Amino acid sequence: MTVGGVVIALSGFLSKFLSTRFIEGYKSKSLKELEKLKKEYQRELRDLDDKFQLNLLKVENQLQISKSTYELLFDNKVNTYRSLSALRLKYLRYKHENAMHEEDPVDAIETFYQYFVQCKVLLEDNALYISPELSVRYDKWMVKASKCFKQASIDGLEVHGLAYTEHENDMNVHDAQFPARNALVNDTQDLMESIFEQINTDLDIIRSVSNRPLENRKCS
């Protein structure tokens, strides 16, 4: 073999050797980079999974709180309307089934007045749980009723303290306030009965809601 042939052979060998080393080095470097990328992606996936699990836990807690809050509000609403419904039935039975209110108009005024005041107290104490429609009807009734309440207060003050005994004084005040109580019943009875009608309408809605699964209910 000539010198030129040897040079050519060595040149080919070195070229192949260097190419192989270069490829192996590149492959090794690429594998290391891929492994590094793989670890980074795995870490990011773990971080994302941790955040997802944390957010999922927060959502579940919020749903549990919302469910508990809804159940509490709904129970309070039911109890409020149970009391209002009982009062409505007492009023209707007295009006339509008790003949005494026709024979004794004064006693009828006093009884109706007590029903009205009881309804007022129930609605005001449970304003959070009544429907917007019922609230509007109550406000309309109160516009008229407040004038009568004010007049009763004025009439009572005029005779307060004029008697010698506390019992006589209470009787004087009670008698003096009767015209205002009479006016309240006669002037606002139609509005009070519209309140009772709305109570019955709301009860129908509550019944329909209570028959649906909890997840399908909406708190009103």
# chains A, B, ... in the order shown; residues from 1 in each chain; ligands from 1
>>> residues_around(residues="A:Gly156", least_positions_apart="4", cutoff="12 Å", atoms="only C-alpha atoms", output="list in words")
Phe149, Lys150, Gln151, Ala152, His160, Gly161, Leu162, Asn169, Asp170, Met171, Asn172, Val173, His174, Asp175, Ala176, Gln177, Phe178, Pro179, Ala180 and Arg181 of chain A
>>> write_last_selection(atoms="N, CA and C atoms", output="PDB file, in the first residue's frame")
ATOM      1  N   PHE A 149    -102.473  52.316  64.169  1.00  0.00           N
ATOM      2  CA  PHE A 149    -101.614  52.079  65.331  1.00  0.00           C
ATOM      3  C   PHE A 149    -101.207  53.411  65.976  1.00  0.00           C
ATOM      4  N   LYS A 150    -100.887  54.380  65.137  1.00  0.00           N
ATOM      5  CA  LYS A 150    -100.503  55.691  65.653  1.00  0.00           C
ATOM      6  C   LYS A 150    -101.664  56.360  66.376  1.00  0.00           C
ATOM      7  N   GLN A 151    -102.863  56.274  65.789  1.00  0.00           N
ATOM      8  CA  GLN A 151    -104.038  56.872  66.420  1.00  0.00           C
ATOM      9  C   GLN A 151    -104.342  56.195  67.751  1.00  0.00           C
ATOM     10  N   ALA A 152    -104.178  54.880  67.817  1.00  0.00           N
ATOM     11  CA  ALA A 152    -104.407  54.162  69.072  1.00  0.00           C
ATOM     12  C   ALA A 152    -103.445  54.638  70.144  1.00  0.00           C
ATOM     13  N   HIS A 160    -104.319  58.119  79.696  1.00  0.00           N
ATOM     14  CA  HIS A 160    -103.390  57.413  80.577  1.00  0.00           C
ATOM     15  C   HIS A 160    -103.113  58.234  81.841  1.00  0.00           C
ATOM     16  N   GLY A 161    -103.213  57.563  82.980  1.00  0.00           N
ATOM     17  CA  GLY A 161    -102.907  58.218  84.256  1.00  0.00           C
ATOM     18  C   GLY A 161    -104.063  58.952  84.883  1.00  0.00           C
ATOM     19  N   LEU A 162    -105.249  58.902  84.289  1.00  0.00           N
ATOM     20  CA  LEU A 162    -106.391  59.636  84.847  1.00  0.00           C
ATOM     21  C   LEU A 162    -107.138  58.834  85.914  1.00  0.00           C
ATOM     22  N   ASN A 169    -106.849  52.249  85.033  1.00  0.00           N
ATOM     23  CA  ASN A 169    -106.078  52.984  84.030  1.00  0.00           C
ATOM     24  C   ASN A 169    -105.930  52.145  82.751  1.00  0.00           C
ATOM     25  N   ASP A 170    -105.625  50.850  82.906  1.00  0.00           N
ATOM     26  CA  ASP A 170    -105.491  49.969  81.745  1.00  0.00           C
ATOM     27  C   ASP A 170    -106.815  49.856  80.986  1.00  0.00           C
ATOM     28  N   MET A 171    -107.924  49.785  81.728  1.00  0.00           N
ATOM     29  CA  MET A 171    -109.233  49.684  81.094  1.00  0.00           C
ATOM     30  C   MET A 171    -109.567  50.959  80.321  1.00  0.00           C
ATOM     31  N   ASN A 172    -109.226  52.099  80.913  1.00  0.00           N
ATOM     32  CA  ASN A 172    -109.484  53.378  80.234  1.00  0.00           C
ATOM     33  C   ASN A 172    -108.700  53.471  78.922  1.00  0.00           C
ATOM     34  N   VAL A 173    -107.440  53.068  78.997  1.00  0.00           N
ATOM     35  CA  VAL A 173    -106.604  53.110  77.789  1.00  0.00           C
ATOM     36  C   VAL A 173    -107.160  52.152  76.732  1.00  0.00           C
ATOM     37  N   HIS A 174    -107.526  50.949  77.177  1.00  0.00           N
ATOM     38  CA  HIS A 174    -108.059  49.944  76.251  1.00  0.00           C
ATOM     39  C   HIS A 174    -109.330  50.439  75.570  1.00  0.00           C
ATOM     40  N   ASP A 175    -110.223  51.021  76.360  1.00  0.00           N
ATOM     41  CA  ASP A 175    -111.486  51.526  75.800  1.00  0.00           C
ATOM     42  C   ASP A 175    -111.243  52.704  74.862  1.00  0.00           C
ATOM     43  N   ALA A 176    -110.301  53.562  75.233  1.00  0.00           N
ATOM     44  CA  ALA A 176    -110.019  54.743  74.406  1.00  0.00           C
ATOM     45  C   ALA A 176    -109.426  54.341  73.053  1.00  0.00           C
ATOM     46  N   GLN A 177    -108.719  53.231  73.021  1.00  0.00           N
ATOM     47  CA  GLN A 177    -108.068  52.797  71.785  1.00  0.00           C
ATOM     48  C   GLN A 177    -108.971  51.956  70.886  1.00  0.00           C
ATOM     49  N   PHE A 178    -110.166  51.619  71.388  1.00  0.00           N
ATOM     50  CA  PHE A 178    -111.043  50.746  70.592  1.00  0.00           C
ATOM     51  C   PHE A 178    -111.401  51.335  69.230  1.00  0.00           C
ATOM     52  N   PRO A 179    -111.749  52.623  69.132  1.00  0.00           N
ATOM     53  CA  PRO A 179    -112.084  53.153  67.800  1.00  0.00           C
ATOM     54  C   PRO A 179    -110.960  52.947  66.778  1.00  0.00           C
ATOM     55  N   ALA A 180    -109.709  53.073  67.230  1.00  0.00           N
ATOM     56  CA  ALA A 180    -108.583  52.877  66.312  1.00  0.00           C
ATOM     57  C   ALA A 180    -108.459  51.406  65.916  1.00  0.00           C
ATOM     58  N   ARG A 181    -108.695  50.516  66.887  1.00  0.00           N
ATOM     59  CA  ARG A 181    -108.657  49.086  66.559  1.00  0.00           C
ATOM     60  C   ARG A 181    -109.788  48.725  65.614  1.00  0.00           C
TER      61      ARG A 181
END
>>> atom_distance(atom1="atom CA of A:Val185", atom2="atom CA of A:Leu157")
21.1 Å
>>> closest_atom_pairs(of="stretch 70-92 of chain A", to="stretch 124-128 of chain A", cutoff="12 Å", atoms="only C-alpha atoms", output="CSV")
residue,atom,partner,partner_atom,distance
A:Leu73,CA,A:Leu128,CA,8.9
A:Phe74,CA,A:Leu128,CA,10.9
A:Asn76,CA,A:Asn126,CA,8.6
A:Lys77,CA,A:Asn126,CA,8.2
A:Val78,CA,A:Asn126,CA,11.0
A:Asn79,CA,A:Asn126,CA,9.7
A:Thr80,CA,A:Asn126,CA,6.6
A:Tyr81,CA,A:Asn126,CA,9.5
A:Arg82,CA,A:Asn126,CA,11.9
A:Ser83,CA,A:Asn126,CA,10.5
A:Leu84,CA,A:Asn126,CA,10.3
>>> write_last_selection(atoms="all heavy atoms", output="compact mmCIF listing (two decimals), in the first residue's frame")
# COMPACT_ATOMS: atom_id res chain seq x y z
N LEU A 73 -81.96 27.49 55.88
CA LEU A 73 -82.91 28.51 55.42
C LEU A 73 -84.26 27.88 55.06
O LEU A 73 -85.31 28.44 55.39
CB LEU A 73 -82.33 29.25 54.21
CG LEU A 73 -81.16 30.19 54.47
CD1 LEU A 73 -80.59 30.70 53.16
CD2 LEU A 73 -81.59 31.36 55.35
N PHE A 74 -84.19 26.74 54.40
CA PHE A 74 -85.43 26.09 54.00
C PHE A 74 -86.23 25.63 55.21
O PHE A 74 -87.45 25.77 55.26
CB PHE A 74 -85.13 24.90 53.08
CG PHE A 74 -86.36 24.31 52.45
CD1 PHE A 74 -86.99 24.95 51.40
CD2 PHE A 74 -86.88 23.10 52.92
CE1 PHE A 74 -88.13 24.41 50.81
CE2 PHE A 74 -88.02 22.55 52.34
CZ PHE A 74 -88.65 23.21 51.28
N ASN A 76 -86.15 26.94 58.21
CA ASN A 76 -86.71 28.14 58.84
C ASN A 76 -87.90 28.68 58.06
O ASN A 76 -88.89 29.15 58.65
CB ASN A 76 -85.64 29.23 58.97
CG ASN A 76 -84.58 28.88 60.00
OD1 ASN A 76 -84.82 28.06 60.89
ND2 ASN A 76 -83.42 29.49 59.90
N LYS A 77 -87.80 28.60 56.75
CA LYS A 77 -88.91 29.04 55.90
C LYS A 77 -90.14 28.18 56.14
O LYS A 77 -91.26 28.70 56.28
CB LYS A 77 -88.48 28.96 54.43
CG LYS A 77 -89.45 29.60 53.44
CD LYS A 77 -88.93 29.43 52.04
CE LYS A 77 -89.74 30.24 51.04
NZ LYS A 77 -89.44 31.67 51.08
N VAL A 78 -89.93 26.87 56.20
CA VAL A 78 -91.05 25.95 56.44
C VAL A 78 -91.69 26.23 57.80
O VAL A 78 -92.93 26.27 57.92
CB VAL A 78 -90.56 24.48 56.37
CG1 VAL A 78 -91.63 23.53 56.89
CG2 VAL A 78 -90.20 24.13 54.93
N ASN A 79 -90.87 26.43 58.82
CA ASN A 79 -91.41 26.71 60.15
C ASN A 79 -92.19 28.03 60.18
O ASN A 79 -93.23 28.14 60.84
CB ASN A 79 -90.27 26.76 61.18
CG ASN A 79 -89.67 25.40 61.43
OD1 ASN A 79 -90.34 24.38 61.30
ND2 ASN A 79 -88.40 25.37 61.79
N THR A 80 -91.68 29.02 59.46
CA THR A 80 -92.38 30.31 59.39
C THR A 80 -93.76 30.15 58.75
O THR A 80 -94.77 30.63 59.28
CB THR A 80 -91.55 31.32 58.57
OG1 THR A 80 -90.32 31.57 59.24
CG2 THR A 80 -92.31 32.63 58.37
N TYR A 81 -93.80 29.45 57.63
CA TYR A 81 -95.08 29.28 56.92
C TYR A 81 -96.00 28.33 57.66
O TYR A 81 -97.23 28.42 57.53
CB TYR A 81 -94.84 28.83 55.49
CG TYR A 81 -94.57 30.00 54.57
CD1 TYR A 81 -93.28 30.46 54.35
CD2 TYR A 81 -95.61 30.68 53.95
CE1 TYR A 81 -93.03 31.55 53.54
CE2 TYR A 81 -95.38 31.76 53.13
CZ TYR A 81 -94.08 32.20 52.92
OH TYR A 81 -93.85 33.29 52.11
N ARG A 82 -95.44 27.43 58.45
CA ARG A 82 -96.29 26.56 59.27
C ARG A 82 -97.06 27.42 60.29
O ARG A 82 -98.27 27.23 60.48
CB ARG A 82 -95.43 25.52 60.00
CG ARG A 82 -96.27 24.55 60.84
CD ARG A 82 -95.41 23.55 61.57
NE ARG A 82 -94.79 22.61 60.66
CZ ARG A 82 -93.48 22.49 60.45
NH1 ARG A 82 -92.64 23.29 61.10
NH2 ARG A 82 -93.01 21.60 59.62
N SER A 83 -96.37 28.37 60.92
CA SER A 83 -97.02 29.26 61.88
C SER A 83 -98.03 30.18 61.20
O SER A 83 -99.13 30.40 61.71
CB SER A 83 -95.97 30.09 62.62
OG SER A 83 -95.09 29.27 63.35
N LEU A 84 -97.64 30.72 60.04
CA LEU A 84 -98.54 31.61 59.31
C LEU A 84 -99.78 30.86 58.83
O LEU A 84 -100.90 31.40 58.87
CB LEU A 84 -97.81 32.22 58.11
CG LEU A 84 -96.73 33.27 58.43
CD1 LEU A 84 -95.91 33.58 57.19
CD2 LEU A 84 -97.37 34.55 58.98
>>> decode(residues="stretch 154-168 of chain A", atoms="all heavy atoms", output="compact mmCIF listing (two decimals), in the first residue's frame")
# COMPACT_ATOMS: atom_id res chain seq x y z
N ILE A 154 -102.06 57.63 70.32
CA ILE A 154 -102.48 58.98 70.72
C ILE A 154 -103.68 58.93 71.66
O ILE A 154 -103.71 59.59 72.71
CB ILE A 154 -102.82 59.82 69.46
CG1 ILE A 154 -101.55 60.07 68.64
CG2 ILE A 154 -103.47 61.14 69.86
CD1 ILE A 154 -101.82 60.71 67.29
N ASP A 155 -104.66 58.13 71.30
CA ASP A 155 -105.88 58.02 72.13
C ASP A 155 -105.56 57.43 73.50
O ASP A 155 -106.15 57.86 74.52
CB ASP A 155 -106.91 57.13 71.41
CG ASP A 155 -107.39 57.76 70.12
OD1 ASP A 155 -107.23 58.98 69.95
OD2 ASP A 155 -107.93 57.01 69.27
N GLY A 156 -104.65 56.48 73.56
CA GLY A 156 -104.30 55.89 74.85
C GLY A 156 -103.57 56.87 75.75
O GLY A 156 -103.81 56.90 76.97
N LEU A 157 -102.70 57.66 75.15
CA LEU A 157 -101.95 58.64 75.95
C LEU A 157 -102.86 59.71 76.56
O LEU A 157 -102.60 60.22 77.65
CB LEU A 157 -100.88 59.31 75.08
CG LEU A 157 -99.63 58.47 74.77
CD1 LEU A 157 -98.74 59.19 73.78
CD2 LEU A 157 -98.86 58.19 76.06
N GLU A 158 -103.94 60.03 75.86
CA GLU A 158 -104.84 61.09 76.35
C GLU A 158 -105.53 60.72 77.66
O GLU A 158 -105.85 61.59 78.48
CB GLU A 158 -105.89 61.40 75.28
CG GLU A 158 -105.31 62.17 74.09
CD GLU A 158 -106.39 62.49 73.06
OE1 GLU A 158 -107.53 62.02 73.22
OE2 GLU A 158 -106.08 63.22 72.09
N VAL A 159 -105.76 59.44 77.87
CA VAL A 159 -106.47 59.02 79.09
C VAL A 159 -105.55 58.32 80.08
O VAL A 159 -105.98 57.98 81.19
CB VAL A 159 -107.65 58.08 78.74
CG1 VAL A 159 -108.64 58.79 77.84
CG2 VAL A 159 -107.15 56.79 78.09
N HIS A 160 -104.32 58.12 79.70
CA HIS A 160 -103.39 57.41 80.58
C HIS A 160 -103.11 58.23 81.84
O HIS A 160 -102.85 59.42 81.78
CB HIS A 160 -102.07 57.13 79.85
CG HIS A 160 -101.12 56.29 80.64
ND1 HIS A 160 -100.18 56.84 81.49
CD2 HIS A 160 -100.98 54.96 80.73
CE1 HIS A 160 -99.49 55.87 82.06
NE2 HIS A 160 -99.95 54.72 81.60
N GLY A 161 -103.21 57.56 82.98
CA GLY A 161 -102.91 58.22 84.26
C GLY A 161 -104.06 58.95 84.88
O GLY A 161 -103.89 59.59 85.93
N LEU A 162 -105.25 58.90 84.29
CA LEU A 162 -106.39 59.64 84.85
C LEU A 162 -107.14 58.83 85.91
O LEU A 162 -107.93 59.40 86.67
CB LEU A 162 -107.37 60.02 83.72
CG LEU A 162 -106.80 60.92 82.62
CD1 LEU A 162 -107.88 61.23 81.59
CD2 LEU A 162 -106.24 62.22 83.21
N ALA A 163 -106.90 57.53 85.96
CA ALA A 163 -107.60 56.68 86.94
C ALA A 163 -106.78 56.55 88.21
O ALA A 163 -105.57 56.83 88.24
CB ALA A 163 -107.88 55.32 86.33
N TYR A 164 -107.45 56.05 89.28
CA TYR A 164 -106.78 55.91 90.56
C TYR A 164 -106.01 54.59 90.68
O TYR A 164 -105.03 54.51 91.41
CB TYR A 164 -107.80 55.99 91.70
CG TYR A 164 -108.38 57.38 91.86
CD1 TYR A 164 -109.66 57.68 91.40
CD2 TYR A 164 -107.64 58.40 92.45
CE1 TYR A 164 -110.20 58.94 91.53
CE2 TYR A 164 -108.16 59.68 92.58
CZ TYR A 164 -109.44 59.95 92.13
OH TYR A 164 -109.97 61.21 92.25
N THR A 165 -106.47 53.57 90.02
CA THR A 165 -105.80 52.28 90.09
C THR A 165 -105.23 51.90 88.73
O THR A 165 -105.67 52.40 87.69
CB THR A 165 -106.76 51.16 90.53
OG1 THR A 165 -107.75 50.95 89.51
CG2 THR A 165 -107.45 51.54 91.84
N GLU A 166 -104.24 51.00 88.80
CA GLU A 166 -103.61 50.57 87.56
C GLU A 166 -104.59 49.82 86.67
O GLU A 166 -104.57 49.99 85.45
CB GLU A 166 -102.41 49.66 87.88
CG GLU A 166 -101.62 49.23 86.67
CD GLU A 166 -100.39 48.43 87.01
OE1 GLU A 166 -100.03 48.39 88.20
OE2 GLU A 166 -99.79 47.82 86.09
N HIS A 167 -105.46 49.00 87.29
CA HIS A 167 -106.44 48.26 86.51
C HIS A 167 -107.40 49.20 85.79
O HIS A 167 -107.69 49.02 84.60
CB HIS A 167 -107.23 47.32 87.43
CG HIS A 167 -108.32 46.58 86.72
ND1 HIS A 167 -108.09 45.58 85.80
CD2 HIS A 167 -109.70 46.72 86.79
CE1 HIS A 167 -109.24 45.13 85.33
NE2 HIS A 167 -110.23 45.80 85.92
N GLU A 168 -107.91 50.20 86.51
CA GLU A 168 -108.82 51.18 85.90
C GLU A 168 -108.11 51.96 84.80
O GLU A 168 -108.70 52.26 83.75
CB GLU A 168 -109.35 52.15 86.96
CG GLU A 168 -110.33 51.52 87.94
CD GLU A 168 -110.77 52.49 89.02
OE1 GLU A 168 -110.08 53.55 89.16
OE2 GLU A 168 -111.76 52.23 89.68
